[in-house]
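Colleague: Can you read through this structure? Questions will come right after.
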Amino acid sequence: MRWLVVFVGGERKDVEDEGEREEEKHAKVTLPTVSNYTIHDAEDAENAKQEGSSLSTNVQEQQGSKPLCDFSNFRANVCEMRGDVRVHPKAASVLFMEPEGSRRDEVWKIKPYPRKGDEFCLSHITELTVKSSKVAAECTRYHDVPVVIFSLTGYTGNLFHDFTDVIVPLFTTAAQFDGEVQFLITDMALWWTVKYHTLLQKLSKYPLIDFSKDDQVRCFKHAIVGTHAYMEFTIDAAKSPNGVTMVDFNRFMRAAYSLPKAAAAALGESPRVKPRLLIIKRHRTRMFLNLEEIIGMAEELGFEVVIDEANVSSDINGFARLVNSVDVMMGVHGAGLTNCVFLPQNATLIQIVPFGGLDWISRTDFGNPSEMMGLRYKQYAITVDESSLTDHYPRDHKIFKDPISFHKRGFEFIRRTFMDKQNVRLDCKRFRPVLLEALDNLNQ
């Protein structure tokens, strides 16, 4: 029987084979959020330290004594190596070549997708072995630029997850290289690379490499496996490489799509210009039941109103230009609000929160990110009277008196009840001050 010392989820474990590793997985609690964000995933940083590993001081100068991988982040594991690094896709391995006399002896298992703790999601991600070694296959290709290795499966296909799981983390990780970086993609999704080719080409000047179809042994002087991710749809500037921020990300998005509008309209300087309001329209769930009334009120206040629906099949270039042309964007909580990345600085995002105790989820997914991008943010939580749930439940039902108690039934119930089966009839008199505040912001 042969035993292998590996590091899984930031903890050192002695396991015999994949079957035993599978049995050791622990359950995660999924919160009621569109983003499937999980708790109890944070691993103590101390657990990421390699107990019993005798690190030699005589290691490659570039890497120093720093461990190859950092598993301390609650959301994403990342490995980073400098020196002689060999990527061998056929063996699903990334090898850090040790010099003679070194006793680094590190072996890590990593799935390069930032949904740490989400067992369902990660079950679809290819696992890679990152290890130190004195023996490896000879290089067949040499690269003068760093490599970033990441996955394109998981929850991609949902606009919000495209950004919070892939685009924002990839920007955070790769922006430091100013295009001089190679992307090597596990679990390739060609449709995804076609849709976002503009962004990928802006981040890397080199052709994408499909990990699963690559038969080379590629050698790099600098390799990053996985991408840096923090809270949903945000960048932690205190921890990100080179201190990159969400304001930088908003600027990057506008530059990538050559969007002309850098800042929202200043009505005080151009009093004859009508501010533009984009209302994100939904056709299946969380619809505005009195859209015409909302449009009429907004026009009465002086807005030029634009209506459109954002979905996965949308022309991202065209929709980006539309969003960038407006000063205020509003919509009910959902993936379509992710398009706020194209808004100009100081524009306002208004999020309509469905009934059901979803306020904090809404702020986490879109409120905090939009403010970090340099946008203004308003959150409007609807009342019972504005919810179509009154068509399905009597007014004295517990769902209205204590909606939070229903969260115990799990995310599927919450999604089905408070998201998929709820529409919105805005009380225009109650909502009017929100639009007036957005106007006031444009006058400042």
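Ordered as shown in the structure tokens, chains take letters A, B, and onward, while each chain numbers its residues from 1 and ligands are numbered from 1 in the order shown.
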What parts of range 241-296 of chain A does DSSP call strand (DSSP E or B)? I'd like the answer as an MDAnalysis selection string.

Modeller: chainID A and resid 263 276:280 288

Colleague: Restricting the output to C-alpha atoms, write the selected residues as a PDB file, in the first residue's frame.

Modeller:
ATOM      1  CA  ALA A 263     -18.757  59.980 -16.216  1.00  0.00           C
ATOM      2  CA  ARG A 276     -31.056  58.783 -19.348  1.00  0.00           C
ATOM      3  CA  LEU A 277     -32.640  56.003 -17.280  1.00  0.00           C
ATOM      4  CA  LEU A 278     -32.277  52.346 -18.275  1.00  0.00           C
ATOM      5  CA  ILE A 279     -34.867  49.948 -16.862  1.00  0.00           C
ATOM      6  CA  ILE A 280     -33.805  46.302 -17.051  1.00  0.00           C
ATOM      7  CA  PHE A 288     -42.421  44.765 -13.341  1.00  0.00           C
TER       8      PHE A 288
END

Colleague: Within range 65-232 of chain A, find each residue whose DSSP state, derived from the backbone, is alpha helix (DSSP H), and express the selection as a ChimeraX atom specification.

Modeller: /A:119-122,159-161,168-174,190-195,197-203

Colleague: Kindly save the residues from that selection, with C-alpha atoms included, as a compact mmCIF listing (two decimals), in the first residue's frame.

Modeller:
# COMPACT_ATOMS: atom_id res chain seq x y z
CA GLU A 119 -18.76 20.59 -3.57
CA PHE A 120 -21.35 20.44 -6.35
CA CYS A 121 -19.63 23.12 -8.37
CA LEU A 122 -16.13 21.78 -7.83
CA LEU A 159 -23.98 36.49 -16.33
CA PHE A 160 -23.33 37.18 -12.66
CA HIS A 161 -21.12 34.12 -12.28
CA VAL A 168 -13.19 39.80 -12.00
CA PRO A 169 -10.79 37.19 -10.49
CA LEU A 170 -8.94 36.88 -13.81
CA PHE A 171 -8.57 40.66 -14.06
CA THR A 172 -7.39 40.78 -10.44
CA THR A 173 -4.76 38.12 -11.13
CA ALA A 174 -3.60 39.05 -14.63
CA LEU A 190 -15.29 27.64 -26.45
CA TRP A 191 -18.65 29.43 -26.49
CA TRP A 192 -17.53 31.37 -23.41
CA THR A 193 -14.23 32.42 -24.95
CA VAL A 194 -16.08 33.58 -28.07
CA LYS A 195 -18.53 35.65 -26.04
CA HIS A 197 -12.98 37.32 -26.50
CA THR A 198 -12.72 41.12 -26.26
CA LEU A 199 -11.87 40.91 -22.56
CA LEU A 200 -9.56 37.92 -22.92
CA GLN A 201 -7.59 39.64 -25.69
CA LYS A 202 -7.30 42.77 -23.57
CA LEU A 203 -5.83 40.77 -20.68

Colleague: Report the distance between CA of Lys213 in chain A and CA of Phe150 in chain A in Å, rounded to one decimal place.

Modeller: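 Taking CA of Lys213 in chain A as the start and CA of Phe150 in chain A as the end point, the length is 14.7 Å.
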
Colleague: Go through range 364-420 of chain A residue by residue and, counting only C-alpha atoms, keep those with an atom at most 8 Å from range 241-246 of chain A; for each kept residue give the shortest atom pair and its distance in Å to one decimal, ordered by chain and increasing number, as a Markdown table.

Modeller:
| residue | atom | partner | partner_atom | distance |
| --- | --- | --- | --- | --- |
| A:Pro369 | CA | A:Met246 | CA | 7.5 |
| A:Met372 | CA | A:Met246 | CA | 5.6 |
| A:Met373 | CA | A:Met246 | CA | 4.7 |
| A:Gly374 | CA | A:Met246 | CA | 7.9 |

Colleague: Take the residues from that selection and write them out as a tab-separated table (two decimals), in the first residue's frame, keeping N, CA and C atoms.

Modeller:
chain	number	residue	atom	x	y	z
A	369	PRO	N	-20.40	45.93	-4.58
A	369	PRO	CA	-19.57	46.02	-5.78
A	369	PRO	C	-19.74	47.32	-6.55
A	372	MET	N	-18.00	50.14	-4.85
A	372	MET	CA	-16.55	49.99	-4.97
A	372	MET	C	-16.06	50.36	-6.36
A	373	MET	N	-16.95	50.31	-7.36
A	373	MET	CA	-16.60	50.71	-8.72
A	373	MET	C	-16.65	52.22	-8.93
A	374	GLY	N	-17.13	52.95	-7.94
A	374	GLY	CA	-17.25	54.39	-8.08
A	374	GLY	C	-18.63	54.82	-8.54

Colleague: Quote the spacing between CA of Leu435 in chain A and CA of Asp327 in chain A in Å to one decimal place.

Modeller: 11.5 Å

Colleague: Residues at most 8 Å from range 130-137 of chain A, counting only C-alpha atoms, excluding those fewer than 5 positions away in the same chain, as a ChimeraX atom specification?

Modeller: /A:68,79,86,93-100,104-110,217

Colleague: Go ahead and dump the residues you just picked, N, CA and C atoms, as a JSON list (two decimals), in the first residue's frame.

Modeller:
[["chain", "number", "residue", "atom", "x", "y", "z"],
["A", 68, "LEU", "N", 4.42, 26.83, -2.05],
["A", 68, "LEU", "CA", 3.97, 26.95, -3.43],
["A", 68, "LEU", "C", 2.52, 27.42, -3.51],
["A", 79, "CYS", "N", -2.02, 28.87, -6.25],
["A", 79, "CYS", "CA", -0.62, 28.47, -6.18],
["A", 79, "CYS", "C", 0.19, 29.42, -7.07],
["A", 86, "ARG", "N", 7.24, 23.60, -14.65],
["A", 86, "ARG", "CA", 6.89, 22.79, -15.82],
["A", 86, "ARG", "C", 5.42, 22.36, -15.74],
["A", 93, "SER", "N", -0.55, 18.08, -14.11],
["A", 93, "SER", "CA", 0.38, 18.47, -13.05],
["A", 93, "SER", "C", 1.13, 19.75, -13.40],
["A", 94, "VAL", "N", 1.53, 20.43, -12.34],
["A", 94, "VAL", "CA", 2.40, 21.60, -12.44],
["A", 94, "VAL", "C", 3.55, 21.35, -11.48],
["A", 95, "LEU", "N", 4.76, 21.26, -12.02],
["A", 95, "LEU", "CA", 5.92, 20.88, -11.22],
["A", 95, "LEU", "C", 6.87, 22.06, -11.01],
["A", 96, "PHE", "N", 7.25, 22.25, -9.77],
["A", 96, "PHE", "CA", 8.27, 23.24, -9.42],
["A", 96, "PHE", "C", 9.57, 22.48, -9.21],
["A", 97, "MET", "N", 10.56, 22.73, -10.07],
["A", 97, "MET", "CA", 11.80, 21.98, -10.01],
["A", 97, "MET", "C", 12.68, 22.45, -8.85],
["A", 98, "GLU", "N", 12.99, 21.52, -7.96],
["A", 98, "GLU", "CA", 13.82, 21.81, -6.80],
["A", 98, "GLU", "C", 15.30, 21.67, -7.15],
["A", 99, "PRO", "N", 16.12, 22.51, -6.57],
["A", 99, "PRO", "CA", 17.57, 22.34, -6.75],
["A", 99, "PRO", "C", 18.08, 21.20, -5.88],
["A", 100, "GLU", "N", 19.25, 20.74, -6.17],
["A", 100, "GLU", "CA", 19.86, 19.69, -5.35],
["A", 100, "GLU", "C", 20.02, 20.19, -3.91],
["A", 104, "ARG", "N", 12.05, 20.48, 0.03],
["A", 104, "ARG", "CA", 10.75, 21.15, 0.04],
["A", 104, "ARG", "C", 9.61, 20.12, 0.15],
["A", 105, "ASP", "N", 9.61, 19.11, -0.71],
["A", 105, "ASP", "CA", 8.65, 17.99, -0.64],
["A", 105, "ASP", "C", 7.20, 18.45, -0.47],
["A", 106, "GLU", "N", 6.73, 19.29, -1.36],
["A", 106, "GLU", "CA", 5.35, 19.76, -1.31],
["A", 106, "GLU", "C", 4.50, 19.07, -2.37],
["A", 107, "VAL", "N", 3.28, 18.70, -2.00],
["A", 107, "VAL", "CA", 2.29, 18.19, -2.94],
["A", 107, "VAL", "C", 0.95, 18.82, -2.58],
["A", 108, "TRP", "N", 0.32, 19.45, -3.55],
["A", 108, "TRP", "CA", -0.97, 20.11, -3.35],
["A", 108, "TRP", "C", -1.95, 19.65, -4.41],
["A", 109, "LYS", "N", -3.21, 19.59, -4.04],
["A", 109, "LYS", "CA", -4.29, 19.30, -4.98],
["A", 109, "LYS", "C", -5.16, 20.54, -5.08],
["A", 110, "ILE", "N", -5.39, 21.02, -6.29],
["A", 110, "ILE", "CA", -6.13, 22.27, -6.46],
["A", 110, "ILE", "C", -7.07, 22.19, -7.65],
["A", 217, "VAL", "N", 4.97, 19.77, -22.88],
["A", 217, "VAL", "CA", 5.46, 20.04, -21.53],
["A", 217, "VAL", "C", 5.97, 21.48, -21.58]]

Colleague: At what distance in Å, to one decimal, does CA of Phe319 in chain A lie from CA of Asn339 in chain A?

Modeller: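 So the two atoms, CA of Asn339 in chain A and CA of Phe319 in chain A, lie 8.3 Å apart.
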
Colleague: For Pro114 in chain A, which residue out of A:Ala266, A:Val78, A:Met330, A:Ile361 is the nearest one, using only C-alpha atoms?

Modeller: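 With only C-alpha atoms as the atom set, the closest residue is A:Val78.
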